[in-house]
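Structure file entry.txt with compact mmCIF, C-alpha atoms (C1' of nucleotides):
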# COMPACT_ATOMS: atom_id res chain seq x y z
CA MET A 1 188.06 30.77 18.75
CA LYS A 2 184.99 31.58 16.70
CA LYS A 3 183.97 34.88 15.23
CA PHE A 4 180.57 36.43 15.73
CA LYS A 5 179.76 39.39 13.50
CA ALA A 6 176.74 41.58 14.23
CA ALA A 7 175.48 44.62 12.38
CA THR A 8 172.63 47.12 12.30
CA TYR A 9 171.08 49.10 9.46
CA ASN A 10 168.05 51.36 9.26
CA THR A 11 166.72 50.52 5.80
CA ASN A 12 164.06 53.21 5.42
CA SER A 13 162.04 50.57 3.50
CA ILE A 14 163.41 47.05 3.29
CA ARG A 15 161.92 46.52 -0.16
CA ALA A 16 163.61 49.59 -1.60
CA ARG A 17 166.92 48.50 -0.05
CA MET A 18 167.06 44.78 -0.86
CA PRO A 19 169.92 45.09 -3.38
CA ILE A 20 171.99 46.97 -0.78
CA ILE A 21 171.11 44.54 2.01
CA LEU A 22 171.77 41.37 0.00
CA GLY A 23 174.99 42.82 -1.36
CA TRP A 24 176.16 43.58 2.15
CA LEU A 25 175.27 40.10 3.37
CA GLU A 26 177.34 38.63 0.56
CA LYS A 27 180.23 40.94 1.28
CA GLU A 28 180.35 40.66 5.06
CA LYS A 29 178.48 37.42 5.82
CA PRO A 30 177.42 38.62 9.28
CA ASP A 31 176.05 36.20 11.83
CA VAL A 32 173.22 38.61 12.53
CA LEU A 33 171.96 41.78 10.90
CA CYS A 34 169.45 44.00 12.69
CA LEU A 35 167.19 45.97 10.36
CA GLN A 36 164.85 48.84 11.20
CA GLU A 37 162.14 50.73 9.36
CA SER A 38 161.30 47.79 7.13
CA LYS A 39 157.93 49.46 6.45
CA VAL A 40 156.36 46.21 5.36
CA GLN A 41 153.58 43.99 6.65
CA ASP A 42 154.62 40.51 7.74
CA LYS A 43 152.80 38.86 4.84
CA ASP A 44 154.94 40.86 2.41
CA PHE A 45 158.31 40.39 4.15
CA PRO A 46 160.91 39.12 1.63
CA VAL A 47 161.58 35.84 3.44
CA LYS A 48 162.46 33.91 0.28
CA GLU A 49 165.08 36.37 -0.90
CA PHE A 50 166.92 36.05 2.40
CA GLU A 51 166.58 32.27 2.40
CA ALA A 52 168.07 32.16 -1.08
CA HIS A 53 171.13 33.82 0.45
CA GLY A 54 171.30 31.39 3.34
CA TYR A 55 169.65 33.64 5.88
CA GLN A 56 166.54 33.36 8.02
CA ALA A 57 164.52 36.15 9.48
CA ALA A 58 162.62 36.94 12.66
CA PHE A 59 160.55 40.05 12.14
CA LYS A 60 157.64 42.23 13.12
CA GLY A 61 156.23 44.76 10.71
CA GLN A 62 153.25 46.94 10.02
CA LYS A 63 151.90 48.90 7.11
CA SER A 64 153.92 51.96 6.03
CA TYR A 65 155.75 52.68 9.26
CA ASN A 66 158.36 51.19 11.59
CA GLY A 67 159.11 47.46 11.38
CA VAL A 68 162.13 45.52 12.68
CA ALA A 69 163.86 42.33 11.56
CA LEU A 70 166.67 40.06 12.68
CA ILE A 71 168.44 38.42 9.77
CA THR A 72 170.71 35.50 10.63
CA LYS A 73 172.40 32.49 9.11
CA HIS A 74 171.94 30.55 12.33
CA ALA A 75 168.96 28.91 13.95
CA VAL A 76 166.81 31.24 15.98
CA SER A 77 165.05 30.49 19.24
CA HIS A 78 163.16 32.45 21.88
CA VAL A 79 161.76 34.85 19.31
CA GLU A 80 159.75 37.68 20.84
CA THR A 81 158.17 40.58 19.04
CA GLY A 82 156.95 43.62 20.86
CA LEU A 83 158.03 45.38 24.01
CA TYR A 84 154.53 45.60 25.44
CA LYS A 85 153.06 42.44 23.91
CA THR A 86 149.91 44.25 22.93
CA ALA A 87 148.20 43.70 19.60
CA ASP A 88 148.22 47.35 18.58
CA GLU A 89 151.75 48.39 19.58
CA GLU A 90 154.11 49.79 16.99
CA ALA A 91 156.60 47.35 15.45
CA ARG A 92 159.78 48.50 17.18
CA PHE A 93 161.13 45.50 19.08
CA VAL A 94 162.26 42.02 18.10
CA ARG A 95 164.37 39.63 20.12
CA ALA A 96 165.81 36.20 19.40
CA ASP A 97 168.56 33.97 20.70
CA ILE A 98 171.24 33.45 18.07
CA SER A 99 174.18 31.13 18.79
CA GLN A 100 173.17 31.19 22.46
CA ILE A 101 173.33 34.98 22.54
CA PRO A 102 170.16 36.95 23.18
CA VAL A 103 169.92 39.69 20.56
CA ILE A 104 167.46 42.58 20.83
CA ASN A 105 166.82 44.83 17.85
CA VAL A 106 165.05 48.13 18.47
CA TYR A 107 163.73 51.05 16.52
CA VAL A 108 163.31 53.78 19.12
CA PRO A 109 160.59 56.36 18.32
CA GLN A 110 161.99 59.39 16.52
CA GLY A 111 160.25 61.83 18.88
CA PHE A 112 159.43 64.68 16.47
CA ALA A 113 160.25 67.60 18.80
CA PRO A 114 160.71 68.26 22.53
CA GLY A 115 157.52 69.35 24.21
CA THR A 116 155.28 67.21 22.03
CA GLU A 117 153.35 64.03 22.73
CA LYS A 118 155.64 62.13 20.39
CA PHE A 119 158.65 63.21 22.43
CA VAL A 120 156.99 62.05 25.65
CA TYR A 121 156.22 58.74 23.96
CA LYS A 122 159.87 58.38 22.90
CA LEU A 123 161.13 58.90 26.46
CA ARG A 124 158.55 56.51 27.86
CA TRP A 125 159.41 53.86 25.28
CA MET A 126 163.08 54.11 26.16
CA GLU A 127 162.33 53.86 29.88
CA ASP A 128 160.14 50.82 29.24
CA LEU A 129 162.93 49.18 27.26
CA LEU A 130 165.27 49.76 30.19
CA LEU A 131 162.73 48.24 32.59
CA HIS A 132 162.43 45.25 30.27
CA LEU A 133 166.19 44.72 30.26
CA LYS A 134 166.37 44.97 34.03
CA LYS A 135 163.54 42.49 34.42
CA GLU A 136 164.59 39.93 31.81
CA PHE A 137 168.38 40.08 31.64
CA ASP A 138 171.52 40.08 33.74
CA PRO A 139 174.39 42.40 32.73
CA ALA A 140 176.79 39.72 33.97
CA ARG A 141 175.67 37.53 31.07
CA PRO A 142 176.03 38.08 27.30
CA LEU A 143 173.38 40.30 25.72
CA LEU A 144 173.38 42.34 22.52
CA VAL A 145 171.08 45.33 22.07
CA ALA A 146 171.33 46.96 18.67
CA GLY A 147 169.37 49.32 16.52
CA ASP A 148 168.37 52.87 15.76
CA PHE A 149 168.07 54.70 19.09
CA ASN A 150 167.42 58.10 17.50
CA VAL A 151 169.68 59.70 20.13
CA ALA A 152 173.21 61.01 19.79
CA MET A 153 174.89 60.68 23.17
CA GLU A 154 177.79 63.11 23.02
CA SER A 155 178.88 66.30 21.30
CA LYS A 156 181.24 64.36 19.07
CA ASP A 157 178.29 62.33 17.83
CA VAL A 158 176.66 65.20 15.91
CA PHE A 159 177.97 67.62 13.29
CA ASP A 160 176.98 70.79 15.18
CA PRO A 161 176.48 70.17 18.90
CA VAL A 162 176.00 73.86 19.69
CA LYS A 163 173.22 74.37 17.19
CA LEU A 164 171.57 71.00 17.82
CA LYS A 165 171.65 71.04 21.62
CA GLY A 166 168.12 70.60 22.93
CA GLU A 167 166.72 69.43 19.62
CA VAL A 168 165.15 66.03 19.14
CA GLY A 169 167.86 63.38 18.94
CA PHE A 170 170.32 65.51 20.89
CA HIS A 171 168.31 66.42 23.97
CA PRO A 172 169.45 66.06 27.61
CA ASP A 173 166.35 64.05 28.58
CA GLU A 174 167.08 61.49 25.85
CA GLN A 175 170.77 61.39 26.71
CA ALA A 176 169.98 60.88 30.41
CA ILE A 177 168.12 57.69 29.55
CA MET A 178 170.94 56.49 27.30
CA LYS A 179 173.28 56.98 30.26
CA LYS A 180 170.97 54.78 32.33
CA PHE A 181 171.37 51.99 29.77
CA MET A 182 175.13 52.31 30.12
CA ALA A 183 174.91 52.48 33.92
CA TRP A 184 172.87 49.27 33.97
CA GLY A 185 175.60 47.51 32.06
CA LEU A 186 175.64 48.13 28.34
CA VAL A 187 178.80 49.13 26.48
CA ASP A 188 178.75 51.20 23.29
CA VAL A 189 181.01 48.87 21.33
CA PHE A 190 181.82 51.30 18.51
CA ARG A 191 182.92 53.86 21.09
CA LYS A 192 185.13 51.27 22.78
CA HIS A 193 187.15 51.02 19.58
CA GLU A 194 186.98 54.62 18.34
CA GLN A 195 187.19 57.66 20.62
CA GLY A 196 187.22 60.27 17.88
CA GLY A 197 184.28 62.34 16.67
CA GLY A 198 182.75 62.74 13.25
CA HIS A 199 181.83 59.08 12.83
CA TYR A 200 178.20 59.11 11.84
CA THR A 201 175.57 56.54 10.89
CA PHE A 202 172.78 58.89 9.78
CA TRP A 203 172.54 61.88 7.47
CA ASP A 204 169.25 63.73 7.10
CA TYR A 205 168.02 63.60 3.49
CA ARG A 206 166.81 67.17 3.87
CA ILE A 207 170.28 68.61 4.35
CA PRO A 208 171.72 69.28 0.89
CA ASN A 209 174.83 67.18 0.26
CA GLY A 210 174.73 66.14 3.89
CA VAL A 211 176.82 63.03 3.30
CA LYS A 212 179.44 64.80 1.21
CA ARG A 213 179.74 67.50 3.88
CA ASN A 214 179.52 64.86 6.63
CA LEU A 215 176.68 66.65 8.40
CA GLY A 216 175.55 63.55 10.24
CA TRP A 217 174.62 61.97 13.51
CA ARG A 218 175.69 58.82 15.32
CA ILE A 219 172.33 57.50 16.49
CA ASP A 220 172.65 53.81 15.66
CA TYR A 221 174.34 51.60 18.23
CA ILE A 222 175.49 48.12 18.98
CA LEU A 223 175.43 47.78 22.75
CA ALA A 224 176.67 44.75 24.64
CA THR A 225 176.90 43.66 28.24
CA PRO A 226 180.50 43.50 29.57
CA PRO A 227 181.09 39.74 29.13
CA LEU A 228 180.26 40.14 25.45
CA ALA A 229 181.71 43.62 24.92
CA GLU A 230 185.11 42.53 26.22
CA ARG A 231 185.24 40.04 23.34
CA SER A 232 184.83 42.65 20.59
CA GLN A 233 187.83 42.84 18.28
CA ARG A 234 186.74 45.71 16.06
CA ALA A 235 183.79 47.95 15.26
CA TRP A 236 183.25 49.98 12.12
CA ILE A 237 180.81 52.08 10.16
CA ASP A 238 180.59 50.91 6.57
CA LYS A 239 179.78 53.86 4.33
CA GLU A 240 180.34 51.92 1.12
CA PRO A 241 176.58 51.16 0.76
CA ARG A 242 176.07 54.92 0.56
CA LEU A 243 177.57 54.79 -2.91
CA ALA A 244 174.65 52.71 -4.17
CA GLU A 245 172.09 54.22 -6.46
CA LYS A 246 169.39 54.67 -3.81
CA PRO A 247 171.01 54.67 -0.38
CA SER A 248 169.14 54.80 2.89
CA ASP A 249 169.61 57.86 5.10
CA HIS A 250 171.48 55.55 7.51
CA THR A 251 174.39 53.22 6.91
CA PHE A 252 175.74 49.97 8.34
CA LEU A 253 177.34 49.71 11.75
CA ALA A 254 179.14 46.43 12.44
CA VAL A 255 181.02 44.71 15.24
CA GLU A 256 183.09 41.55 15.31
CA PHE A 257 183.49 39.45 18.45
CA GLU A 258 185.92 36.64 19.14
CA MET A 259 184.02 34.02 21.07
C1' DA B 1 168.78 80.70 -10.28
C1' DT B 2 163.00 81.92 -8.24
C1' DG B 3 164.36 75.19 -6.43
C1' DG B 4 166.57 72.26 -2.83
C1' DT B 5 164.88 64.60 0.27
C1' DC B 6 162.92 60.00 0.71
C1' DG B 7 159.31 56.06 0.90
C1' DG B 8 154.78 54.55 1.34
C1' DC B 9 150.94 54.94 -0.94
C1' DA B 10 147.54 57.46 -2.90
C1' DA B 11 146.83 62.72 0.17
C1' DC B 12 149.82 63.66 3.00
C1' DC B 13 152.60 61.54 7.13
C1' DG B 14 156.80 60.44 9.22
C1' DA B 15 161.74 60.71 9.33
Exercise: express the given structure as structure tokens:
Amino acid sequence: MKKFKAATYNTNSIRARMPIILGWLEKEKPDVLCLQESKVQDKDFPVKEFEAHGYQAAFKGQKSYNGVALITKHAVSHVETGLYKTADEEARFVRADISQIPVINVYVPQGFAPGTEKFVYKLRWMEDLLLHLKKEFDPARPLLVAGDFNVAMESKDVFDPVKLKGEVGFHPDEQAIMKKFMAWGLVDVFRKHEQGGGHYTFWDYRIPNGVKRNLGWRIDYILATPPLAERSQRAWIDKEPRLAEKPSDHTFLAVEFEM
DNA sequence: ATGGTCGGCAACCGA
């Protein structure tokens, strides 16, 4: 039996978070790490730093905003960047095969607020991702879809479900699409291992002492099709990187499979 | 006590 460890982390600037990221790679030695909000153009991506730690990268970035990367110690094949394959699309999607497993890393649009164009764009992007999965993949075969979905699915995934109900990130229209992902054949692997609430991956910087008070959201996911999900041994949120000097507003979510 | 977040990147935008 071989282990396969996968993780996801919204960096909120990969350059600002390199010490945290490299430290976590050394600590956990994951097979693949999915990063979002790298906020760096491809020409400035820190390829060499990752290589010095034994990792390669498949990535798609842009200036200032968005940006996704797959970091892995294995060979990569079938790399694809972009959901729409247009030159001007936002850098929110990267896929590669790693150890024979197709891995998709997404940064779903944040959506700003219900009733706005940005919210419509978020819903459309999610629907288009679902269409892509249905067209390109089979839920009867291994597939990993990880990243920042910017949606909390259930009441136990946010600190105040009554107050937040209907707000961006905790809106029925967003949750309905998440349910469609699950209905197609994706399993929320963290939820498979932990049924309790209060386990968050994101804390808004603007809430004073949000981390200390645990006023967070669980909006980052590692989703897997059943043949892969049934092999997961454990899933955990690692809050230790939050103790660093300049933490991201998200933290690491990790899963270990026995292959 | 009369403020209160980050990062990018150069004035605000996005989260």
I'd like the neighbourhood of segment 133-140 of chain A as a list in words, where a residue qualifies if any of its atoms comes within 10 Å (using all atoms listed in the file), though same-chain residues fewer than 3 positions away should be ignored.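 Once the adjacent positions are removed, what remains is Pro102, Ile104, Glu127, Asp128, Leu129, Leu130, Leu143, Val145, Phe181, Trp184, Gly185, Leu186, Ala224, Thr225, Pro226, Pro227 and Leu228 of chain A.
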So that I have them on file, write out the residues from the current selection with C-alpha atoms, as a JSON list (two decimals), in the frame of the given file.
[["chain", "number", "residue", "atom", "x", "y", "z"],
["A", 102, "PRO", "CA", 170.16, 36.95, 23.18],
["A", 104, "ILE", "CA", 167.46, 42.58, 20.83],
["A", 127, "GLU", "CA", 162.33, 53.86, 29.88],
["A", 128, "ASP", "CA", 160.14, 50.82, 29.24],
["A", 129, "LEU", "CA", 162.93, 49.18, 27.26],
["A", 130, "LEU", "CA", 165.27, 49.76, 30.19],
["A", 143, "LEU", "CA", 173.38, 40.30, 25.72],
["A", 145, "VAL", "CA", 171.08, 45.33, 22.07],
["A", 181, "PHE", "CA", 171.37, 51.99, 29.77],
["A", 184, "TRP", "CA", 172.87, 49.27, 33.97],
["A", 185, "GLY", "CA", 175.60, 47.51, 32.06],
["A", 186, "LEU", "CA", 175.64, 48.13, 28.34],
["A", 224, "ALA", "CA", 176.67, 44.75, 24.64],
["A", 225, "THR", "CA", 176.90, 43.66, 28.24],
["A", 226, "PRO", "CA", 180.50, 43.50, 29.57],
["A", 227, "PRO", "CA", 181.09, 39.74, 29.13],
["A", 228, "LEU", "CA", 180.26, 40.14, 25.45]]
Calculated over all atoms listed in the file, which of the candidates A:Thr86, A:Ser99, A:Ser248, A:Gln36 has the smallest distance to chain B? A:Ser248
Using only C-alpha atoms (C1' of nucleotides), select each residue of chain B with any atom at most 8 Å away from an atom of chain A, and give the selection as an mmCIF file with C-alpha atoms (C1' of nucleotides), in the coordinates of the input.
data_model
loop_
_atom_site.group_PDB
_atom_site.id
_atom_site.type_symbol
_atom_site.label_atom_id
_atom_site.label_comp_id
_atom_site.auth_asym_id
_atom_site.auth_seq_id
_atom_site.Cartn_x
_atom_site.Cartn_y
_atom_site.Cartn_z
ATOM 1 C "C1'" DG B 4 166.570 72.260 -2.830
ATOM 2 C "C1'" DT B 5 164.880 64.600 0.270
ATOM 3 C "C1'" DC B 6 162.920 60.000 0.710
ATOM 4 C "C1'" DG B 7 159.310 56.060 0.900
ATOM 5 C "C1'" DG B 8 154.780 54.550 1.340
ATOM 6 C "C1'" DG B 14 156.800 60.440 9.220
ATOM 7 C "C1'" DA B 15 161.740 60.710 9.330
#
Protein and nucleic acid residues near (176.3, 54.7, 16.4) (cut-off 12 Å, only C-alpha atoms (C1' of nucleotides)) as number ranges by chain: A: 7-10, 146-154, 156-158, 187-194, 197-202, 216-223, 235-238, 250-255
Could you put an axis-aligned box around every listed atom of segment 2-7 of chain B, padded by 8 Å on each side, and send me its centre and edge lengths in Å to one decimal, as lines of an AutoDock Vina configuration file?
center_x = 162.9
center_y = 69.0
center_z = -3.7
size_x = 23.3
size_y = 41.9
size_z = 25.1
Length of the atom CA of Leu70 of chain A to atom CA of Leu144 of chain A vector [Å]: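 Taking atom CA of Leu70 of chain A as the start and atom CA of Leu144 of chain A as the end point, the length is 12.1 Å.
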